[in-house]
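Structure below is input14.txt: compact mmCIF, C-alpha atoms.
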# COMPACT_ATOMS: atom_id res chain seq x y z
CA ASN A 7 -10.97 6.19 1.42
CA ALA A 8 -13.49 4.10 3.33
CA GLY A 9 -10.87 1.50 4.33
CA VAL A 10 -12.45 -1.74 5.58
CA THR A 11 -16.24 -1.71 5.72
CA GLN A 12 -18.22 -4.31 7.64
CA THR A 13 -21.95 -4.84 7.70
CA PRO A 14 -24.10 -5.24 9.68
CA LYS A 15 -22.87 -3.59 12.90
CA PHE A 16 -25.27 -5.60 15.07
CA GLN A 17 -27.16 -8.83 14.50
CA VAL A 18 -29.29 -11.13 16.61
CA LEU A 19 -29.91 -14.67 15.38
CA LYS A 20 -31.77 -17.68 16.64
CA THR A 21 -29.96 -20.97 16.98
CA GLY A 22 -29.85 -22.75 13.63
CA GLN A 23 -30.27 -19.65 11.47
CA SER A 24 -27.67 -18.79 8.85
CA MET A 25 -26.35 -15.41 7.85
CA THR A 26 -23.52 -13.67 6.03
CA LEU A 27 -21.29 -10.97 7.45
CA GLN A 28 -20.07 -8.67 4.72
CA CYS A 29 -16.58 -7.21 4.44
CA ALA A 30 -15.26 -4.94 1.72
CA GLN A 31 -12.00 -3.00 1.39
CA ASP A 32 -11.07 -0.32 -1.11
CA MET A 33 -7.29 -0.31 -0.56
CA ASN A 34 -6.50 -3.03 -3.12
CA HIS A 35 -5.22 -5.27 -0.34
CA GLU A 36 -4.37 -8.83 -1.27
CA TYR A 37 -4.66 -10.27 2.24
CA MET A 38 -8.00 -10.37 4.07
CA SER A 39 -9.03 -12.16 7.22
CA TRP A 40 -11.78 -12.68 9.78
CA TYR A 41 -11.25 -12.64 13.55
CA ARG A 42 -13.53 -13.11 16.49
CA GLN A 43 -13.04 -11.34 19.80
CA ASP A 44 -14.40 -12.85 23.02
CA PRO A 45 -14.09 -11.55 26.60
CA GLY A 46 -10.84 -12.62 28.24
CA MET A 47 -9.40 -13.93 24.99
CA GLY A 48 -7.23 -12.43 22.31
CA LEU A 49 -8.42 -11.99 18.76
CA ARG A 50 -8.63 -15.41 17.14
CA LEU A 51 -8.32 -16.02 13.41
CA ILE A 52 -11.26 -17.75 11.73
CA HIS A 53 -10.36 -17.77 8.02
CA TYR A 54 -8.04 -15.84 5.78
CA SER A 55 -7.35 -15.22 2.11
CA VAL A 56 -4.09 -14.31 0.39
CA GLY A 57 -5.79 -13.27 -2.83
CA ALA A 58 -8.88 -13.67 -4.98
CA GLY A 59 -9.88 -17.31 -5.28
CA ILE A 60 -7.66 -18.47 -2.39
CA THR A 61 -8.87 -19.08 1.16
CA ASP A 62 -7.58 -21.04 4.12
CA GLN A 63 -8.55 -21.92 7.66
CA GLY A 64 -7.34 -20.14 10.74
CA GLU A 65 -7.40 -21.17 14.37
CA VAL A 66 -11.19 -21.47 14.84
CA PRO A 67 -12.81 -22.24 11.45
CA ASN A 68 -15.57 -24.67 12.47
CA GLY A 69 -19.07 -23.43 11.70
CA TYR A 70 -17.90 -20.76 9.26
CA ASN A 71 -17.39 -20.56 5.51
CA VAL A 72 -15.68 -17.93 3.38
CA SER A 73 -15.13 -17.18 -0.28
CA ARG A 74 -13.06 -14.60 -2.13
CA SER A 75 -14.38 -14.02 -5.63
CA THR A 76 -12.94 -10.49 -5.88
CA THR A 77 -10.01 -8.65 -4.33
CA GLU A 78 -12.40 -6.26 -2.57
CA ASP A 79 -14.90 -8.59 -0.87
CA PHE A 80 -14.51 -11.33 1.73
CA PRO A 81 -17.85 -12.45 3.20
CA LEU A 82 -18.10 -14.72 6.24
CA ARG A 83 -21.00 -17.18 6.36
CA LEU A 84 -22.38 -18.76 9.48
CA LEU A 85 -23.93 -22.00 8.34
CA SER A 86 -26.11 -22.87 11.35
CA ALA A 87 -25.67 -20.38 14.17
CA ALA A 88 -24.94 -21.62 17.69
CA PRO A 89 -24.81 -19.71 21.00
CA SER A 90 -21.04 -20.35 21.07
CA GLN A 91 -20.74 -18.09 18.04
CA THR A 92 -21.93 -15.08 20.03
CA SER A 93 -18.98 -12.74 19.66
CA VAL A 94 -17.64 -9.60 18.05
CA TYR A 95 -16.36 -10.27 14.54
CA PHE A 96 -13.67 -8.23 12.83
CA CYS A 97 -12.59 -8.22 9.24
CA ALA A 98 -8.98 -7.15 8.65
CA SER A 99 -6.81 -6.65 5.60
CA SER A 100 -3.22 -5.89 4.68
CA TYR A 101 -1.23 -5.21 1.52
CA GLY A 102 -0.10 -8.77 1.23
CA TYR A 103 0.68 -12.05 2.87
CA GLY A 104 3.54 -11.40 5.27
CA ASP A 105 2.54 -7.77 5.85
CA GLU A 106 1.37 -7.95 9.44
CA LYS A 107 0.16 -4.36 9.68
CA LEU A 108 -3.56 -5.07 9.61
CA PHE A 109 -6.35 -2.60 8.92
CA PHE A 110 -9.52 -3.54 10.80
CA GLY A 111 -13.17 -2.95 10.10
CA SER A 112 -15.43 -1.55 12.82
CA GLY A 113 -16.76 -4.95 13.83
CA THR A 114 -20.05 -6.83 13.99
CA GLN A 115 -21.64 -7.61 17.36
CA LEU A 116 -23.42 -10.95 16.90
CA SER A 117 -25.70 -12.54 19.45
CA VAL A 118 -27.08 -16.04 18.96
CA LEU A 119 -30.03 -16.92 21.17
CA GLU B 5 1.77 -23.19 21.43
CA ASP B 6 2.53 -19.52 20.91
CA LYS B 7 1.55 -17.28 23.80
CA VAL B 8 1.23 -13.51 24.36
CA VAL B 9 0.56 -12.17 27.85
CA GLN B 10 -0.26 -8.54 28.57
CA SER B 11 -0.16 -6.82 31.93
CA PRO B 12 -1.78 -5.25 33.73
CA LEU B 13 -5.28 -6.28 32.66
CA SER B 14 -6.54 -2.82 33.47
CA LEU B 15 -5.11 0.46 34.63
CA VAL B 16 -6.72 3.66 35.86
CA VAL B 17 -4.62 6.81 36.05
CA HIS B 18 -5.12 10.56 36.14
CA GLU B 19 -4.64 12.81 33.17
CA GLY B 20 -1.01 13.85 32.87
CA ASP B 21 0.38 10.65 34.38
CA THR B 22 2.84 8.40 32.55
CA VAL B 23 1.90 4.76 32.02
CA THR B 24 3.79 1.64 31.00
CA LEU B 25 2.01 -1.32 29.44
CA ASN B 26 3.70 -4.70 29.23
CA CYS B 27 3.65 -7.50 26.68
CA SER B 28 5.59 -10.74 27.12
CA TYR B 29 5.63 -13.53 24.59
CA GLU B 30 6.65 -17.07 23.85
CA VAL B 31 6.62 -17.80 20.14
CA THR B 32 8.58 -20.02 17.82
CA ASN B 33 10.54 -18.16 15.14
CA PHE B 34 9.70 -14.62 16.24
CA ARG B 35 9.20 -12.20 13.39
CA SER B 36 7.52 -9.03 14.70
CA LEU B 37 5.61 -7.46 17.58
CA LEU B 38 2.76 -5.06 16.96
CA TRP B 39 0.79 -2.70 19.18
CA TYR B 40 -2.81 -1.69 18.43
CA LYS B 41 -5.18 0.76 20.11
CA GLN B 42 -8.83 -0.30 20.34
CA GLU B 43 -11.17 2.51 21.36
CA LYS B 44 -14.80 1.81 20.53
CA LYS B 45 -14.52 -0.99 18.04
CA ALA B 46 -11.82 -1.27 15.37
CA PRO B 47 -8.21 -1.78 16.52
CA THR B 48 -5.90 0.78 14.92
CA PHE B 49 -2.21 0.20 14.32
CA LEU B 50 0.34 1.99 16.53
CA PHE B 51 3.77 0.37 16.13
CA MET B 52 5.55 -2.60 14.67
CA LEU B 53 8.85 -3.74 16.16
CA THR B 54 11.19 -6.22 14.56
CA SER B 55 14.78 -7.38 14.89
CA SER B 56 15.81 -4.41 12.77
CA GLY B 57 13.67 -1.89 14.62
CA ILE B 58 13.49 -2.43 18.36
CA GLU B 59 12.49 1.08 19.35
CA LYS B 60 9.70 3.26 17.98
CA LYS B 61 8.35 6.66 19.00
CA SER B 62 5.40 8.72 17.89
CA GLY B 63 4.58 11.82 19.86
CA ARG B 64 3.80 10.84 23.45
CA LEU B 65 3.86 7.12 22.67
CA SER B 66 6.96 5.00 22.52
CA SER B 67 7.72 1.31 22.50
CA ILE B 68 10.74 -0.91 22.89
CA LEU B 69 11.34 -4.55 22.20
CA ASP B 70 13.65 -6.76 24.24
CA LYS B 71 14.26 -9.87 22.13
CA LYS B 72 16.52 -11.42 24.72
CA GLU B 73 13.99 -11.21 27.57
CA LEU B 74 11.02 -11.69 25.20
CA PHE B 75 8.95 -8.65 26.08
CA SER B 76 7.89 -5.24 24.89
CA ILE B 77 6.66 -2.15 26.69
CA LEU B 78 4.43 0.65 25.48
CA ASN B 79 4.95 3.97 27.21
CA ILE B 80 2.49 6.83 27.13
CA THR B 81 3.62 10.12 28.67
CA ALA B 82 1.43 13.08 29.68
CA THR B 83 -1.70 10.97 29.25
CA GLN B 84 -4.91 12.51 27.94
CA THR B 85 -8.51 11.32 28.15
CA GLY B 86 -8.27 10.42 24.47
CA ASP B 87 -5.72 7.75 25.39
CA SER B 88 -8.45 5.76 27.14
CA ALA B 89 -8.70 2.51 25.19
CA VAL B 90 -7.77 -1.14 25.16
CA TYR B 91 -4.20 -1.65 23.97
CA LEU B 92 -3.53 -4.89 22.15
CA CYS B 93 -0.20 -6.57 21.61
CA ALA B 94 0.27 -9.10 18.80
CA VAL B 95 3.29 -11.20 17.90
CA GLY B 96 4.04 -12.58 14.46
CA ALA B 97 6.01 -15.74 13.85
CA ASN B 98 7.57 -17.28 10.77
CA PHE B 99 6.32 -15.75 7.58
CA GLY B 100 2.60 -15.37 7.33
CA ASN B 101 -0.14 -13.20 8.72
CA GLU B 102 -2.00 -16.25 10.01
CA LYS B 103 0.77 -16.66 12.56
CA LEU B 104 -0.22 -13.50 14.44
CA THR B 105 -1.03 -14.23 18.10
CA PHE B 106 -2.90 -11.55 20.02
CA GLY B 107 -2.84 -10.85 23.73
CA THR B 108 -6.03 -10.14 25.65
CA GLY B 109 -5.23 -6.45 25.98
CA THR B 110 -4.78 -3.83 28.69
CA ARG B 111 -7.75 -1.56 29.38
CA LEU B 112 -6.43 1.94 30.12
CA THR B 113 -8.74 4.53 31.67
CA ILE B 114 -7.65 8.14 32.03
CA ILE B 115 -9.49 10.18 34.65
CA PRO B 116 -9.70 13.93 33.91
Just give me the structure of the file as structure tokens.
Amino acid sequence: NAGVTQTPKFQVLKTGQSMTLQCAQDMNHEYMSWYRQDPGMGLRLIHYSVGAGITDQGEVPNGYNVSRSTTEDFPLRLLSAAPSQTSVYFCASSYGYGDEKLFFGSGTQLSVL
Amino acid sequence: EDKVVQSPLSLVVHEGDTVTLNCSYEVTNFRSLLWYKQEKKAPTFLFMLTSSGIEKKSGRLSSILDKKELFSILNITATQTGDSAVYLCAVGANFGNEKLTFGTGTRLTIIP
């Protein structure tokens, strides 16, 4: 099993550009989420989904959009990149809402210039 | 606001030493406490502790939860260079994965 797969691993953007971070899982997990990890701070939740067609905001949702058209995929879109969005992004999934044992992808290092 | 504090921020020890990592928390309606190991990139799950399971052990790693004093410790005995990583503590509250609050982590370095 591949688990949680994130692409790309690295990305450099200019301010104002948009892009999509891809996340796919092959474990038939209902719950999927996106976190960002910044130096000196814990992982912070951006958006999450409890199943196909259902998404909700986390702690730091501004500047990001998500959709969940299938159980497997949960892309994260940056609408107009800003330097404050420079971070490492992790996709994570679990069997269901309320199952806190998360499986993480390998992360995307994003730099916005 | 829920809070998770890990200490120390970093720790350097020699191979074979025993280490203790700390995680204290203040959350409303505590549900669970989880430990993750983050080596290069992806955090990987180590333990989950709840009211019904306050002590866990796997090989050289063990963890306990003190719900009265609101903290957990992660012990690693006979450390190896492969234990070098950032160890993350997360606390869940109420019912819902979006209630997970992560600490900033302890960076553990094992010197051969």
Inset, instruction - Taking all atoms listed in the file into account, report as a PyMOL selection string which residues of chain B lie within 10 Å of chain A. - result: chain B and resi 8-9+13+35-40+44-52+92-109
Pull C-alpha atoms from the residues just selected and write them as a PDB file, in the frame of the given file.
ATOM      1  CA  VAL B   8       1.230 -13.510  24.360  1.00  0.00           C
ATOM      2  CA  VAL B   9       0.560 -12.170  27.850  1.00  0.00           C
ATOM      3  CA  LEU B  13      -5.280  -6.280  32.660  1.00  0.00           C
ATOM      4  CA  ARG B  35       9.200 -12.200  13.390  1.00  0.00           C
ATOM      5  CA  SER B  36       7.520  -9.030  14.700  1.00  0.00           C
ATOM      6  CA  LEU B  37       5.610  -7.460  17.580  1.00  0.00           C
ATOM      7  CA  LEU B  38       2.760  -5.060  16.960  1.00  0.00           C
ATOM      8  CA  TRP B  39       0.790  -2.700  19.180  1.00  0.00           C
ATOM      9  CA  TYR B  40      -2.810  -1.690  18.430  1.00  0.00           C
ATOM     10  CA  LYS B  44     -14.800   1.810  20.530  1.00  0.00           C
ATOM     11  CA  LYS B  45     -14.520  -0.990  18.040  1.00  0.00           C
ATOM     12  CA  ALA B  46     -11.820  -1.270  15.370  1.00  0.00           C
ATOM     13  CA  PRO B  47      -8.210  -1.780  16.520  1.00  0.00           C
ATOM     14  CA  THR B  48      -5.900   0.780  14.920  1.00  0.00           C
ATOM     15  CA  PHE B  49      -2.210   0.200  14.320  1.00  0.00           C
ATOM     16  CA  LEU B  50       0.340   1.990  16.530  1.00  0.00           C
ATOM     17  CA  PHE B  51       3.770   0.370  16.130  1.00  0.00           C
ATOM     18  CA  MET B  52       5.550  -2.600  14.670  1.00  0.00           C
ATOM     19  CA  LEU B  92      -3.530  -4.890  22.150  1.00  0.00           C
ATOM     20  CA  CYS B  93      -0.200  -6.570  21.610  1.00  0.00           C
ATOM     21  CA  ALA B  94       0.270  -9.100  18.800  1.00  0.00           C
ATOM     22  CA  VAL B  95       3.290 -11.200  17.900  1.00  0.00           C
ATOM     23  CA  GLY B  96       4.040 -12.580  14.460  1.00  0.00           C
ATOM     24  CA  ALA B  97       6.010 -15.740  13.850  1.00  0.00           C
ATOM     25  CA  ASN B  98       7.570 -17.280  10.770  1.00  0.00           C
ATOM     26  CA  PHE B  99       6.320 -15.750   7.580  1.00  0.00           C
ATOM     27  CA  GLY B 100       2.600 -15.370   7.330  1.00  0.00           C
ATOM     28  CA  ASN B 101      -0.140 -13.200   8.720  1.00  0.00           C
ATOM     29  CA  GLU B 102      -2.000 -16.250  10.010  1.00  0.00           C
ATOM     30  CA  LYS B 103       0.770 -16.660  12.560  1.00  0.00           C
ATOM     31  CA  LEU B 104      -0.220 -13.500  14.440  1.00  0.00           C
ATOM     32  CA  THR B 105      -1.030 -14.230  18.100  1.00  0.00           C
ATOM     33  CA  PHE B 106      -2.900 -11.550  20.020  1.00  0.00           C
ATOM     34  CA  GLY B 107      -2.840 -10.850  23.730  1.00  0.00           C
ATOM     35  CA  THR B 108      -6.030 -10.140  25.650  1.00  0.00           C
ATOM     36  CA  GLY B 109      -5.230  -6.450  25.980  1.00  0.00           C
TER      37      GLY B 109
END
Legend entry - Gap from CA of Lys41 (chain B) to CA of Pro116 (chain B) - Å, one decimal: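 CA of Pro116 (chain B) lies 19.6 Å from CA of Lys41 (chain B).
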Inset, instruction - Can you pull out every residue within 7 Å of region 75-87 of chain B, counting only C-alpha atoms, but drop anything in the same chain fewer than 5 positions away, and send it as a VMD selection string? - result: chain B and resid 19 to 29 64 to 70 114 to 116
Inset, instruction - Determine the nearest neighbour of Tyr70 (chain A) from the options A:Leu19, A:Met25, A:Met33, A:Ala58, counting all atoms listed in the file. - result: A:Met25
Inset, instruction - In Å, rounded to a single decimal, give me how far CA of Asn33 (chain B) is from CA of Lys61 (chain B). - result: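 Separation of CA of Lys61 (chain B) and CA of Asn33 (chain B): 25.2 Å.
Separating CA of Arg83 (chain A) from CA of Asn34 (chain A) is a distance of 22.4 Å.
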Inset, instruction - Kindly indicate which residue among A:Tyr41, A:Ile60, A:Lys20, A:Val118 lies nearest to Thr92 (chain A), using all atoms listed in the file for the distances. - result: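 Looking only at the distances to Thr92 (chain A), the closest residue turns out to be A:Val118.
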Inset, instruction - Find, counting all atoms listed in the file, the residue in A:Ser93, A:Asn71, A:Ser86, A:Ser117 that gets nearest to Gln23 (chain A). - result: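 For Gln23 (chain A), the nearest of the candidates is A:Ser86.
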Inset, instruction - Could you tell me which of A:Arg74, A:Leu119, A:Ser90, A:Pro81 comes closest to Pro14 (chain A) if we count all atoms listed in the file? - result: A:Pro81
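Excluding Ser24 (chain A) and any residue on its chain fewer than 4 positions from it, the residues at most 7 Å away by all atoms listed in the file are A:Leu84, A:Leu85, A:Ser86, A:Ala87.
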Could you list, as a JSON list (two decimals) with C-alpha atoms, in the frame of the given file, every residue within 9 Å of Thr76 (chain A), counting all atoms listed in the file and ignoring same-chain residues fewer than 4 positions away?
[["chain", "number", "residue", "atom", "x", "y", "z"],
["A", 57, "GLY", "CA", -5.79, -13.27, -2.83],
["A", 58, "ALA", "CA", -8.88, -13.67, -4.98],
["A", 59, "GLY", "CA", -9.88, -17.31, -5.28],
["A", 80, "PHE", "CA", -14.51, -11.33, 1.73]]
Legend entry - Proximity to His18 (chain B) - best of B:Ser88, B:Ser56, B:Thr32, B:Thr110, only C-alpha atoms: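 Closest candidate: B:Ser88.
Residues lying within 7 Å of (-12.9, -2.5, 5.1). Counted over all atoms listed in the file, they are A:Ala8, A:Gly9, A:Val10, A:Thr11, A:Gln12, A:Cys29, A:Ala30, A:Gln31, A:Asp32, A:Phe110, A:Gly111.
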